[in-house]
file input-v1.txt (compact mmCIF, C-alpha atoms)
# COMPACT_ATOMS: atom_id res chain seq x y z
CA MET A 8 0.00 0.00 0.00
CA ILE A 9 1.31 3.43 -0.95
CA LEU A 10 0.87 6.03 1.77
CA ALA A 11 -1.58 8.70 0.69
CA SER A 12 -0.06 11.50 2.74
CA HIS A 13 1.77 12.79 -0.35
CA LEU A 14 -1.53 14.30 -1.50
CA LEU A 15 -0.85 17.31 0.71
CA ALA A 16 2.50 18.06 -0.93
CA GLY A 17 0.99 21.11 -2.61
CA VAL A 18 -0.28 22.45 0.69
CA LEU A 19 3.03 21.91 2.42
CA ALA A 20 4.83 23.66 -0.41
CA LEU A 21 2.77 26.77 0.27
CA GLY A 22 4.23 26.99 3.76
CA SER A 23 1.02 26.19 5.63
CA PRO A 24 1.16 25.39 9.36
CA LEU A 25 0.32 21.70 8.81
CA ILE A 26 1.96 19.31 11.25
CA ALA A 27 4.46 16.88 9.72
CA HIS A 28 2.87 13.89 11.48
CA GLU A 29 1.61 11.62 8.69
CA VAL A 30 -1.00 8.86 8.88
CA SER A 31 -3.04 7.58 5.92
CA GLU A 32 -5.92 5.16 5.44
CA GLU A 33 -7.36 3.32 2.46
CA ARG A 34 -10.84 1.79 2.66
CA GLY A 35 -12.24 0.39 -0.55
CA LEU A 36 -9.74 2.40 -2.61
CA ARG A 37 -6.13 2.02 -3.66
CA SER A 38 -3.87 5.01 -4.18
CA GLU A 39 -0.63 5.69 -5.96
CA ALA A 40 1.40 8.85 -6.33
CA THR A 41 1.43 10.79 -9.58
CA GLU A 42 4.41 12.73 -10.87
CA ASP A 43 2.83 16.09 -10.01
CA GLY A 44 2.35 15.14 -6.36
CA GLY A 45 -1.29 14.17 -6.71
CA LEU A 46 -3.03 10.82 -6.48
CA ARG A 47 -4.48 8.18 -8.74
CA LEU A 48 -7.34 6.32 -7.04
CA THR A 49 -8.62 2.92 -8.16
CA ALA A 50 -11.04 0.42 -6.63
CA GLY A 51 -9.83 -1.70 -3.74
CA GLU A 52 -11.45 -4.43 -1.69
CA PRO A 53 -15.13 -3.47 -1.18
CA ASP A 54 -16.62 -3.24 2.28
CA VAL A 55 -19.58 -5.59 2.67
CA ASN A 56 -21.05 -3.35 5.36
CA HIS A 57 -21.55 -0.23 3.21
CA ASP A 58 -20.82 1.28 -0.23
CA TYR A 59 -18.56 4.18 0.81
CA ALA A 60 -14.88 4.08 -0.06
CA TRP A 61 -12.19 6.61 0.82
CA VAL A 62 -8.60 7.57 1.20
CA THR A 63 -7.60 9.60 4.23
CA THR A 64 -4.93 11.75 2.65
CA ARG A 65 -3.77 13.25 5.88
CA GLU A 66 -4.60 12.43 9.48
CA PHE A 67 -3.21 14.43 12.37
CA ALA A 68 -2.71 13.29 15.92
CA ASP A 69 -5.43 14.57 18.24
CA ASP A 70 -2.82 16.48 20.20
CA SER A 71 -1.29 17.99 17.04
CA PRO A 72 -4.14 19.13 14.75
CA ALA A 73 -3.45 21.33 11.74
CA ASP A 74 -4.06 25.07 12.14
CA LEU A 75 -5.73 26.36 8.96
CA SER A 76 -7.56 29.21 10.69
CA SER A 77 -6.04 31.89 8.47
CA PHE A 78 -7.27 30.23 5.25
CA ALA A 79 -10.72 30.36 3.66
CA GLY A 80 -10.66 26.88 2.22
CA VAL A 81 -8.89 23.88 0.71
CA ALA A 82 -9.32 22.93 -2.95
CA VAL A 83 -8.51 20.02 -5.27
CA THR A 84 -9.32 19.11 -8.87
CA ILE A 85 -10.55 15.56 -9.46
CA GLU A 86 -10.70 14.01 -12.93
CA ASN A 87 -12.97 11.00 -13.49
CA ARG A 88 -11.27 8.67 -15.95
CA SER A 89 -13.75 5.89 -15.19
CA PRO A 90 -16.22 4.74 -17.90
CA PHE A 91 -19.15 5.68 -15.62
CA PRO A 92 -20.29 8.55 -13.37
CA VAL A 93 -18.77 8.67 -9.87
CA ARG A 94 -20.35 10.28 -6.79
CA THR A 95 -17.35 12.05 -5.29
CA MET A 96 -16.73 13.89 -2.01
CA PHE A 97 -13.84 15.93 -0.66
CA TRP A 98 -13.79 16.39 3.13
CA VAL A 99 -11.90 18.36 5.76
CA CYS A 100 -12.75 17.04 9.22
CA GLY A 101 -12.54 18.55 12.68
CA THR A 102 -11.33 17.03 15.93
CA ARG A 103 -12.66 16.44 19.45
CA GLY A 104 -16.36 16.42 18.57
CA TRP A 105 -16.33 18.94 15.72
CA SER A 106 -17.99 17.84 12.49
CA ALA A 107 -16.70 18.16 8.90
CA VAL A 108 -17.00 20.39 5.84
CA GLY A 109 -17.07 19.05 2.32
CA ASP A 110 -17.76 19.55 -1.36
CA PHE A 111 -19.76 17.05 -3.41
CA LYS A 112 -20.15 16.32 -7.11
CA THR A 113 -21.19 13.50 -9.39
CA LEU A 114 -18.50 13.48 -12.06
CA SER A 115 -19.53 12.12 -15.46
CA ALA A 116 -17.16 9.82 -17.35
CA GLY A 117 -14.24 11.97 -18.50
CA GLU A 118 -15.32 15.01 -16.45
CA SER A 119 -13.04 17.05 -14.20
CA GLY A 120 -14.39 18.98 -11.24
CA ARG A 121 -13.03 21.58 -8.86
CA PHE A 122 -13.79 20.75 -5.21
CA VAL A 123 -13.52 23.64 -2.76
CA VAL A 124 -14.10 23.12 0.97
CA ASP A 125 -15.16 26.21 2.92
CA LEU A 126 -13.32 26.12 6.23
CA GLN A 127 -15.63 28.82 7.59
CA GLU A 128 -18.88 26.96 6.77
CA THR A 129 -21.63 26.95 9.38
CA PHE A 130 -24.77 25.01 10.16
CA PRO A 131 -28.02 26.79 9.16
CA ASP A 132 -28.25 28.53 12.56
CA GLY A 133 -24.72 29.95 12.26
CA THR A 134 -22.88 27.40 14.41
CA PRO A 135 -19.44 26.65 12.90
CA LYS A 136 -19.11 23.12 11.53
CA ILE A 137 -15.42 22.80 12.35
CA ASP A 138 -12.69 24.73 14.07
CA PRO A 139 -10.28 25.64 11.22
CA GLY A 140 -7.57 25.93 13.82
CA ALA A 141 -7.84 22.22 14.66
CA VAL A 142 -8.18 20.16 11.48
CA GLY A 143 -8.03 16.43 12.10
CA ARG A 144 -8.01 14.78 8.70
CA ILE A 145 -8.62 15.24 4.98
CA GLN A 146 -10.44 12.64 2.89
CA VAL A 147 -11.35 11.90 -0.72
CA MET A 148 -14.44 9.70 -0.78
CA VAL A 149 -16.64 8.00 -3.36
CA ARG A 150 -19.91 6.14 -3.11
CA GLY A 151 -19.98 2.92 -5.09
CA ALA A 152 -16.38 2.05 -6.07
CA LYS A 153 -16.91 -0.12 -9.15
CA PRO A 154 -14.02 -2.29 -10.43
CA ASP A 155 -13.04 0.11 -13.25
CA LEU A 156 -12.92 3.18 -11.02
CA ASP A 157 -10.12 5.56 -12.00
CA LEU A 158 -9.75 9.05 -10.50
CA LEU A 159 -6.93 11.58 -10.68
CA VAL A 160 -6.72 13.94 -7.72
CA SER A 161 -4.56 17.06 -7.91
CA PRO A 162 -2.36 18.28 -5.05
CA PRO A 163 -4.57 20.43 -2.77
CA GLU A 164 -4.27 24.18 -2.60
CA LEU A 165 -5.05 26.54 0.22
CA ALA A 166 -7.77 28.82 -1.11
CA GLY A 167 -7.91 32.44 0.00
CA SER A 168 -7.46 33.99 3.42
CA ALA A 169 -9.77 34.44 6.38
CA GLU A 170 -9.83 36.05 9.78
CA PRO A 171 -9.86 33.47 12.60
CA LYS A 172 -13.32 33.22 14.16
CA GLU A 173 -14.69 31.99 17.44
CA GLY A 174 -17.89 29.97 17.77
CA ASN A 175 -21.12 31.80 18.53
CA ARG A 176 -21.56 29.85 21.77
CA ARG A 177 -19.35 28.24 24.38
CA ARG A 178 -18.24 24.92 22.92
CA LEU A 179 -17.34 21.72 24.76
CA LEU A 180 -14.35 19.82 23.41
CA LEU A 181 -14.59 16.06 23.55
CA PRO A 182 -11.61 14.39 25.28
CA ARG A 183 -9.21 12.74 22.87
CA LEU A 184 -9.75 9.04 22.20
CA SER A 185 -6.92 6.99 23.68
CA GLU A 186 -5.86 3.39 24.14
CA GLY A 187 -4.99 1.60 27.35
CA LYS A 188 -6.42 1.44 30.84
CA PRO A 189 -9.49 3.58 31.67
CA GLU A 190 -8.60 6.57 33.83
CA PRO A 191 -10.51 9.60 35.17
CA GLY A 192 -11.12 12.19 32.48
CA LYS A 193 -10.17 9.91 29.57
CA ARG A 194 -12.14 8.39 26.68
CA VAL A 195 -10.67 4.94 26.11
CA ARG A 196 -11.26 2.37 23.39
CA MET A 197 -12.19 -0.97 24.98
CA PRO A 198 -11.66 -3.80 22.46
CA SER A 199 -13.12 -7.29 22.66
CA PRO A 200 -11.58 -10.51 21.29
CA GLU A 201 -14.21 -10.63 18.53
CA GLY A 202 -12.91 -7.40 16.96
CA HIS A 203 -15.65 -5.19 18.38
CA TYR A 204 -14.98 -2.30 20.69
CA SER A 205 -16.78 0.24 22.80
CA VAL A 206 -15.61 3.59 24.18
CA LEU A 207 -15.61 4.26 27.92
CA TYR A 208 -15.37 7.66 29.57
CA LEU A 209 -14.76 8.02 33.30
CA PRO A 210 -15.47 11.47 34.75
CA PRO A 211 -12.56 13.44 36.26
CA SER A 212 -14.05 12.86 39.73
CA TRP A 213 -14.08 9.07 39.34
CA LYS A 214 -12.68 7.05 42.27
CA PRO A 215 -12.66 3.28 42.82
CA GLY A 216 -15.36 2.00 45.11
CA GLU A 217 -17.80 4.87 44.51
CA ALA A 218 -21.03 4.73 42.48
CA TYR A 219 -21.71 6.84 39.38
CA PRO A 220 -24.65 7.40 37.03
CA VAL A 221 -24.16 5.85 33.59
CA ILE A 222 -25.10 7.12 30.13
CA VAL A 223 -25.15 4.43 27.43
CA GLU A 224 -25.01 5.79 23.88
CA PHE A 225 -25.42 4.32 20.39
CA PRO A 226 -23.96 6.07 17.30
CA GLY A 227 -25.71 7.06 14.10
CA ASN A 228 -25.48 5.06 10.87
CA ILE A 229 -22.54 5.51 8.54
CA PHE A 230 -23.76 8.28 6.24
CA PHE A 231 -21.91 10.89 4.24
CA ASN A 232 -23.54 13.60 2.15
CA ALA A 233 -24.02 17.38 2.06
CA LYS A 234 -26.22 17.20 5.18
CA CYS A 235 -24.36 14.67 7.30
CA TYR A 236 -20.92 13.33 8.21
CA SER A 237 -21.41 10.20 10.32
CA THR A 238 -18.87 7.39 10.64
CA GLY A 239 -21.17 4.88 12.34
CA ARG A 240 -18.54 4.17 14.98
CA PRO A 241 -18.70 4.49 18.81
CA GLU A 242 -16.03 7.19 18.98
CA GLN A 243 -18.34 9.61 17.17
CA CYS A 244 -20.80 9.59 20.09
CA VAL A 245 -20.95 13.03 21.78
CA ILE A 246 -24.44 13.28 23.29
CA GLY A 247 -23.54 11.82 26.69
CA TYR A 248 -20.60 14.15 27.05
CA GLY A 249 -22.76 17.13 26.09
CA MET A 250 -25.53 16.04 28.44
CA THR A 251 -23.16 15.94 31.43
CA GLU A 252 -20.53 18.47 30.30
CA GLY A 253 -18.13 15.64 31.06
CA LYS A 254 -18.83 15.77 34.80
CA GLY A 255 -20.04 13.23 37.33
CA SER A 256 -21.20 10.39 35.07
CA ILE A 257 -19.70 7.40 33.30
CA ILE A 258 -20.37 7.32 29.56
CA LEU A 259 -20.37 4.04 27.62
CA SER A 260 -20.53 4.35 23.81
CA LEU A 261 -21.57 1.06 22.23
CA PRO A 262 -21.30 -0.41 18.73
CA PHE A 263 -23.70 -2.58 16.78
CA VAL A 264 -22.28 -6.09 16.34
CA ASP A 265 -22.63 -9.18 14.17
CA SER A 266 -20.50 -12.29 14.74
CA SER A 267 -20.15 -12.74 10.98
CA ILE A 268 -18.33 -9.39 10.75
CA SER A 269 -15.05 -9.02 12.63
CA GLU A 270 -15.53 -5.28 13.19
CA VAL A 271 -18.15 -2.92 14.52
CA VAL A 272 -21.19 -2.71 12.27
CA GLU A 273 -21.25 0.77 10.79
CA SER A 274 -24.44 0.31 8.76
CA GLY A 275 -27.72 -1.02 10.14
CA PHE A 276 -28.34 -2.80 13.43
CA GLY A 277 -26.03 -5.77 12.85
CA ASP A 278 -27.47 -8.86 14.52
CA PRO A 279 -29.97 -7.28 16.95
CA ASP A 280 -29.86 -10.12 19.45
CA GLU A 281 -26.05 -10.18 19.46
CA THR A 282 -26.01 -6.39 19.86
CA VAL A 283 -28.33 -6.72 22.87
CA ALA A 284 -26.12 -9.42 24.40
CA TYR A 285 -22.98 -7.34 23.85
CA ALA A 286 -24.66 -4.27 25.37
CA LYS A 287 -25.74 -6.20 28.47
CA ALA A 288 -22.25 -7.62 28.94
CA MET A 289 -20.60 -4.20 28.66
CA ILE A 290 -23.13 -2.57 31.01
CA GLU A 291 -22.51 -5.26 33.61
CA LYS A 292 -18.76 -4.75 33.18
CA VAL A 293 -19.20 -1.03 33.89
CA ILE A 294 -21.29 -1.84 36.97
CA ASP A 295 -18.88 -4.46 38.31
CA GLU A 296 -15.53 -2.84 37.50
CA PHE A 297 -16.16 0.90 37.43
CA GLY A 298 -18.95 1.56 39.90
CA GLY A 299 -21.82 2.10 37.48
CA ASP A 300 -25.03 2.71 39.42
CA ARG A 301 -27.63 0.21 38.23
CA GLU A 302 -30.43 2.50 39.45
CA LYS A 303 -29.21 5.57 37.53
CA MET A 304 -28.82 4.61 33.89
CA VAL A 305 -29.91 6.65 30.86
CA LEU A 306 -29.89 5.47 27.24
CA THR A 307 -29.31 7.86 24.36
CA GLY A 308 -28.45 7.89 20.67
CA PHE A 309 -28.43 9.86 17.42
CA SER A 310 -30.33 8.87 14.25
CA ARG A 311 -29.79 5.08 13.95
CA GLY A 312 -28.65 5.20 17.58
CA SER A 313 -31.86 6.93 18.59
CA ILE A 314 -33.94 4.29 16.80
CA ALA A 315 -31.86 1.73 18.70
CA CYS A 316 -33.01 3.22 22.02
CA GLY A 317 -36.19 1.25 21.44
CA PHE A 318 -35.18 -1.32 18.83
CA ILE A 319 -32.21 -2.53 20.89
CA GLY A 320 -32.70 -0.91 24.30
CA LEU A 321 -36.24 -2.22 24.76
CA ARG A 322 -35.82 -5.46 22.84
CA ASP A 323 -36.41 -7.63 25.89
CA ASP A 324 -37.43 -7.11 29.50
CA GLU A 325 -33.90 -7.65 30.80
CA ILE A 326 -32.24 -4.85 28.85
CA ALA A 327 -35.29 -2.58 29.24
CA ALA A 328 -34.94 -2.83 33.01
CA TYR A 329 -31.69 -0.86 33.00
CA TRP A 330 -33.12 2.48 31.89
CA LYS A 331 -34.34 5.17 34.23
CA GLY A 332 -34.64 7.48 31.23
CA ILE A 333 -34.18 7.57 27.47
CA HIS A 334 -33.08 10.41 25.22
CA GLY A 335 -33.41 10.29 21.43
CA CYS A 336 -32.27 12.68 18.71
CA GLN A 337 -33.48 12.94 15.10
CA HIS A 338 -35.42 9.67 14.61
CA TYR A 339 -36.72 7.15 17.11
CA ASP A 340 -37.97 3.58 17.19
CA GLY A 341 -40.89 3.34 14.77
CA SER A 342 -39.18 5.42 12.07
CA VAL A 343 -39.83 2.59 9.57
CA TRP A 344 -36.08 2.33 8.90
CA ARG A 345 -34.61 -1.11 8.36
CA GLU A 346 -36.37 -3.46 10.80
CA SER A 347 -37.80 -0.71 13.01
CA THR A 348 -41.52 -0.73 12.21
CA MET A 349 -44.12 1.32 14.08
CA GLU A 350 -45.95 -1.86 15.07
CA GLY A 351 -42.78 -3.30 16.61
CA ALA A 352 -41.92 0.00 18.28
CA VAL A 353 -45.30 0.11 19.99
CA GLU A 354 -44.77 -3.39 21.37
CA ARG A 355 -41.26 -2.51 22.59
CA ALA A 356 -42.42 0.76 24.17
CA MET A 357 -44.58 -1.20 26.60
CA ARG A 358 -41.39 -2.64 28.16
CA PHE A 359 -40.08 0.73 29.36
CA ARG A 360 -40.31 0.91 33.15
CA GLY A 361 -38.31 4.11 33.65
CA GLN A 362 -39.54 7.58 34.53
CA ALA A 363 -38.96 9.89 31.56
CA ILE A 364 -38.20 10.14 27.84
CA PHE A 365 -36.66 13.24 26.23
CA GLN A 366 -36.72 13.87 22.47
CA THR A 367 -34.56 16.33 20.51
CA ASP A 368 -35.66 17.33 16.98
CA ASN A 369 -38.38 14.69 16.71
CA SER A 370 -42.07 14.90 15.82
CA VAL A 371 -44.72 14.49 18.50
CA GLU A 372 -47.25 13.56 15.85
CA LYS A 373 -45.08 10.93 14.14
CA TYR A 374 -44.34 9.03 17.33
CA ALA A 375 -47.77 9.43 18.95
CA PRO A 376 -48.45 5.65 18.83
CA VAL A 377 -45.22 5.01 20.77
CA VAL A 378 -46.15 7.66 23.34
CA GLU A 379 -49.60 6.13 23.76
CA ALA A 380 -48.09 2.66 24.26
CA THR A 381 -45.73 3.88 26.97
CA ALA A 382 -46.90 3.73 30.58
CA PRO A 383 -49.02 6.79 31.53
CA SER A 384 -46.61 7.59 34.35
CA VAL A 385 -43.76 8.27 31.89
CA GLU A 386 -43.07 11.98 31.33
CA TRP A 387 -42.22 12.95 27.73
CA THR A 388 -40.29 16.11 26.79
CA TRP A 389 -39.92 17.44 23.22
CA VAL A 390 -37.48 20.16 22.13
CA ASP A 391 -36.22 21.68 18.87
CA SER A 392 -32.47 22.37 18.83
CA GLY A 393 -32.63 24.92 16.02
CA LEU A 394 -29.43 23.51 14.47
CA GLY A 395 -31.24 22.70 11.21
CA PHE A 396 -28.93 19.85 10.29
CA HIS A 397 -28.53 16.07 10.73
CA SER A 398 -25.77 16.27 13.33
CA THR A 399 -25.06 16.10 17.05
CA ALA A 400 -23.23 19.45 17.19
CA MET A 401 -26.05 21.01 19.23
CA PHE A 402 -25.12 18.99 22.33
CA LEU A 403 -21.70 20.58 22.69
CA ASP A 404 -22.87 24.15 23.20
CA ASP A 405 -25.17 26.01 25.58
CA ARG A 406 -28.22 26.48 23.37
CA PRO A 407 -31.59 26.38 25.19
CA SER A 408 -32.46 22.84 24.06
CA THR A 409 -29.16 21.49 25.38
CA VAL A 410 -29.45 23.36 28.67
CA ARG A 411 -32.91 21.87 29.08
CA LEU A 412 -31.59 18.37 28.35
CA ARG A 413 -28.88 18.80 30.99
CA GLU A 414 -31.45 19.95 33.53
CA TRP A 415 -33.67 16.97 32.66
CA TYR A 416 -30.78 14.54 33.09
CA HIS A 417 -29.60 15.89 36.42
CA SER A 418 -33.13 16.04 37.81
CA LEU A 419 -33.75 12.46 36.68
CA ILE A 420 -30.64 10.94 38.24
CA ALA A 421 -31.07 12.99 41.43
CA GLY A 422 -34.58 11.63 41.98
CA ARG A 423 -35.71 8.29 43.30
call {"tool": "encode", "arguments": {"input": "input-v1.txt", "output": "C-alpha cells"}}
result
Amino acid sequence: MILASHLLAGVLALGSPLIAHEVSEERGLRSEATEDGGLRLTAGEPDVNHDYAWVTTREFADDSPADLSSFAGVAVTIENRSPFPVRTMFWVCGTRGWSAVGDFKTLSAGESGRFVVDLQETFPDGTPKIDPGAVGRIQVMVRGAKPDLDLLVSPPELAGSAEPKEGNRRRLLLPRLSEGKPEPGKRVRMPSPEGHYSVLYLPPSWKPGEAYPVIVEFPGNIFFNAKCYSTGRPEQCVIGYGMTEGKGSIILSLPFVDSSISEVVESGFGDPDETVAYAKAMIEKVIDEFGGDREKMVLTGFSRGSIACGFIGLRDDEIAAYWKGIHGCQHYDGSVWRESTMEGAVERAMRFRGQAIFQTDNSVEKYAPVVEATAPSVEWTWVDSGLGFHSTAMFLDDRPSTVRLREWYHSLIAGR
C-alpha cells in the first residue's frame, strides 16, 4: 500500500502550518502517487457493510491538529477517468467532537471537477461546523467504487485567506480518544476478542469503590452527504458528554455487532440479538468494574442510535430494566427504517419501566403511537435544537435545548 499522505504536498509547499505527522488510510480504494504530487485512485477491496470508499490523505494526531484558521478553504481538482459517473466527495474534518466540511459532485465519465471546501462553513443557525484551527483529517471519498474506477486527484491548494473566528456559543471539546487502561477524564477504546470495541469515559471525579450514574449511547449510521458526516462508529458519540458536560457520570458508547463481521457494524443494526447481548455484557462490566449505578442509567443515541433506544434498548425485559430514562435525537424507534416498524416500536415501548423520555428534533405527531403505548406515568419532553442539520453538534454548546436536556438529566438521576 502506498501512503496517501503525499496528497498534501501542494499544501506543504505553500508553507502552511500543517503538522508533519503523517497517517493515511485506504478503505475500498487504492492510491498511488502521480508525478505532479497528486493521487491516482482505483477500486480496492469493497466493504460488505456499506458502499462508501475513501482515502484519508492526511490524518493528524489529536494532540497535534493542523491550524488552517487563516485560510478560507482547501481545494482540489478531481478528474474522473472511469467509464461511468462517480459520486465524489472531498472532506476536511474537525477534531474532538467537531464535524466536517465538504464539497460534493457527481462526475460524469471523462469530467473534471473543482472541489472547494469552505473552512468557515456553518450550520443553518450559524454554528461553525469545524474549528479551522484544529483540522483532524482530509479525505477523498466515493460512493460505489466499481471495479473500473479511475480518478486523478490534484495536489490540494489553500484557497484564500480568512480572519480566525470563534464559535457563537461556548463549545465543549470532547476528550481525545486513547488506548490503554481507563482513567478519570479519559475516553478509552475498549476492544473485545471478537474485533468489536466500545468507548468508555470516566469522569474526572471518578474514584474506585464509589457509584456513578451511567449514560449508554449508540452512534448514528454511517452516512456521508451534504447534510451529514457520520462514521457509524462508537467514537463519534458526543451526546452523553454534552448532556453531562463531562462531569459526574460514566459514559459508555456502544457499537452494533454481528459475529459474521469481525468489526463494529457501521451500517444497520447488525445482529440485533447479538447487539443486545454485547450491550448487556458491557453494562454489567461497567457496573462491576467501574462503579456504574444500576439505578441511575440513561440510554441515548443519534439517528440510527436513537432508533436503537427502542429497537435494541427495549428489545427484551432484561435490557429494558436498566433504563431510568431515554433520550433520542433525530429519529426514534418506529421510524420505519430497516427493521424498526411502528408496530414493533409500539410493542417494545410497553417494556419501558423508567420515569422519563426526552426527544430532541423529533415529531410528536409521528411518534404518537409510541407515546400512547408507553406507561401513563412516563413523562415525555420534546425540544427543537434549532441547528437545522442532521448532526449532534447542538449537544456541545449552551443552546436552550441542550441546557434543558442537561437539567432533565440531572433532575432524573437525582430523583428516586
call {"tool": "closest_residue", "arguments": {"input": "input-v1.txt", "among": "A:Ala327, A:Met148, A:Ala218, A:Val55", "to": "A:Phe230", "atoms": "all atoms listed in the file"}}
result
A:Met148
call {"tool": "residues_around", "arguments": {"input": "input-v1.txt", "residues": "stretch 358-371 of chain A", "least_positions_apart": "4", "cutoff": "9 Å", "atoms": "all atoms listed in the file", "output": "JSON, numbers by chain"}}
result
{"A": [317, 321, 322, 323, 324, 327, 328, 329, 330, 331, 332, 333, 334, 335, 336, 337, 338, 339, 354, 375, 378, 381, 382, 384, 385, 386, 387, 388, 389, 390, 391, 392, 393, 408, 409, 412, 415, 419]}
call {"tool": "write_last_selection", "arguments": {"input": "input-v1.txt", "atoms": "C-alpha atoms", "output": "CSV table (one decimal), in the coordinates of the input"}}
result
chain,number,residue,atom,x,y,z
A,317,GLY,CA,-36.2,1.2,21.4
A,321,LEU,CA,-36.2,-2.2,24.8
A,322,ARG,CA,-35.8,-5.5,22.8
A,323,ASP,CA,-36.4,-7.6,25.9
A,324,ASP,CA,-37.4,-7.1,29.5
A,327,ALA,CA,-35.3,-2.6,29.2
A,328,ALA,CA,-34.9,-2.8,33.0
A,329,TYR,CA,-31.7,-0.9,33.0
A,330,TRP,CA,-33.1,2.5,31.9
A,331,LYS,CA,-34.3,5.2,34.2
A,332,GLY,CA,-34.6,7.5,31.2
A,333,ILE,CA,-34.2,7.6,27.5
A,334,HIS,CA,-33.1,10.4,25.2
A,335,GLY,CA,-33.4,10.3,21.4
A,336,CYS,CA,-32.3,12.7,18.7
A,337,GLN,CA,-33.5,12.9,15.1
A,338,HIS,CA,-35.4,9.7,14.6
A,339,TYR,CA,-36.7,7.2,17.1
A,354,GLU,CA,-44.8,-3.4,21.4
A,375,ALA,CA,-47.8,9.4,19.0
A,378,VAL,CA,-46.2,7.7,23.3
A,381,THR,CA,-45.7,3.9,27.0
A,382,ALA,CA,-46.9,3.7,30.6
A,384,SER,CA,-46.6,7.6,34.4
A,385,VAL,CA,-43.8,8.3,31.9
A,386,GLU,CA,-43.1,12.0,31.3
A,387,TRP,CA,-42.2,13.0,27.7
A,388,THR,CA,-40.3,16.1,26.8
A,389,TRP,CA,-39.9,17.4,23.2
A,390,VAL,CA,-37.5,20.2,22.1
A,391,ASP,CA,-36.2,21.7,18.9
A,392,SER,CA,-32.5,22.4,18.8
A,393,GLY,CA,-32.6,24.9,16.0
A,408,SER,CA,-32.5,22.8,24.1
A,409,THR,CA,-29.2,21.5,25.4
A,412,LEU,CA,-31.6,18.4,28.4
A,415,TRP,CA,-33.7,17.0,32.7
A,419,LEU,CA,-33.8,12.5,36.7
call {"tool": "atom_distance", "arguments": {"input": "input-v1.txt", "atom1": "atom CA of A:Gly277", "atom2": "atom CA of A:Arg194"}}
result
24.2 Å
call {"tool": "atom_distance", "arguments": {"input": "input-v1.txt", "atom1": "atom CA of A:Glu414", "atom2": "atom CA of A:Thr134"}}
result
22.2 Å
call {"tool": "atom_distance", "arguments": {"input": "input-v1.txt", "atom1": "atom CA of A:Gly192", "atom2": "atom CA of A:Tyr248"}}
result
11.1 Å
call {"tool": "axis_aligned_box", "arguments": {"input": "input-v1.txt", "around": "stretch 262-279 of chain A", "padding_each_side": "5 Å", "output": "AutoDock Vina command-line options"}}
result
--center_x -22.5 --center_y -6.0 --center_z 13.7 --size_x 24.9 --size_y 23.5 --size_z 20.0
call {"tool": "residues_around", "arguments": {"input": "input-v1.txt", "residues": "stretch 238-242 of chain A", "least_positions_apart": "3", "cutoff": "6 Å", "atoms": "only C-alpha atoms", "output": "JSON, numbers by chain"}}
result
{"A": [226, 227, 228, 229, 260, 261, 262, 273]}
call {"tool": "residues_around", "arguments": {"input": "input-v1.txt", "residues": "A:Lys292", "least_positions_apart": "5", "cutoff": "12 Å", "atoms": "all atoms listed in the file", "output": "mmCIF file with C-alpha atoms, keeping the file's coordinate frame"}}
result
data_model
loop_
_atom_site.group_PDB
_atom_site.id
_atom_site.type_symbol
_atom_site.label_atom_id
_atom_site.label_comp_id
_atom_site.auth_asym_id
_atom_site.auth_seq_id
_atom_site.Cartn_x
_atom_site.Cartn_y
_atom_site.Cartn_z
ATOM 1 C CA MET A 197 -12.190 -0.970 24.980
ATOM 2 C CA SER A 205 -16.780 0.240 22.800
ATOM 3 C CA LEU A 207 -15.610 4.260 27.920
ATOM 4 C CA VAL A 221 -24.160 5.850 33.590
ATOM 5 C CA LEU A 259 -20.370 4.040 27.620
ATOM 6 C CA TYR A 285 -22.980 -7.340 23.850
ATOM 7 C CA ALA A 286 -24.660 -4.270 25.370
ATOM 8 C CA LYS A 287 -25.740 -6.200 28.470
ATOM 9 C CA PHE A 297 -16.160 0.900 37.430
ATOM 10 C CA GLY A 298 -18.950 1.560 39.900
ATOM 11 C CA GLY A 299 -21.820 2.100 37.480
ATOM 12 C CA ASP A 300 -25.030 2.710 39.420
ATOM 13 C CA ARG A 301 -27.630 0.210 38.230
#
call {"tool": "closest_residue", "arguments": {"input": "input-v1.txt", "among": "A:Phe231, A:Phe318, A:Phe130, A:Phe111", "to": "A:His57", "atoms": "only C-alpha atoms"}}
result
A:Phe231
call {"tool": "residues_near_point", "arguments": {"input": "input-v1.txt", "point": "(-7.5, 8.0, -1.2)", "cutoff": "10 Å", "atoms": "all atoms listed in the file", "output": "ChimeraX atom specification"}}
result
/A:9-12,14,31-39,46-50,60-65,145-149,158,160
call {"tool": "closest_residue", "arguments": {"input": "input-v1.txt", "among": "A:Glu86, A:Glu66, A:Asp280, A:Asp138", "to": "A:Val264", "atoms": "all atoms listed in the file"}}
result
A:Asp280
call {"tool": "residues_around", "arguments": {"input": "input-v1.txt", "residues": "A:Thr102", "least_positions_apart": "2", "cutoff": "9 Å", "atoms": "only C-alpha atoms", "output": "NGL selection string"}}
result
:A and (69 or 72 or 100 or 104-107 or 137-138 or 141-144 or 180-181 or 183)
call {"tool": "build_atoms", "arguments": {"input": "input-v1.txt", "residues": "stretch 32-38 of chain A", "atoms": "N, CA and C atoms", "output": "short mmCIF file (atom, residue, chain, number, x, y, z; two decimals), keeping the file's coordinate frame"}}
result
data_model
loop_
_atom_site.label_atom_id
_atom_site.label_comp_id
_atom_site.auth_asym_id
_atom_site.auth_seq_id
_atom_site.Cartn_x
_atom_site.Cartn_y
_atom_site.Cartn_z
N GLU A 32 -4.99 6.28 5.36
CA GLU A 32 -5.92 5.16 5.44
C GLU A 32 -6.54 4.94 4.07
N GLU A 33 -6.66 3.70 3.69
CA GLU A 33 -7.36 3.32 2.46
C GLU A 33 -8.47 2.36 2.81
N ARG A 34 -9.71 2.69 2.45
CA ARG A 34 -10.84 1.79 2.66
C ARG A 34 -11.64 1.70 1.38
N GLY A 35 -11.52 0.58 0.71
CA GLY A 35 -12.24 0.39 -0.55
C GLY A 35 -11.59 1.06 -1.74
N LEU A 36 -10.48 1.74 -1.53
CA LEU A 36 -9.74 2.40 -2.61
C LEU A 36 -8.27 2.06 -2.50
N ARG A 37 -7.58 2.10 -3.64
CA ARG A 37 -6.13 2.02 -3.66
C ARG A 37 -5.59 3.33 -4.22
N SER A 38 -4.44 3.74 -3.73
CA SER A 38 -3.87 5.01 -4.18
C SER A 38 -2.43 4.83 -4.61
#
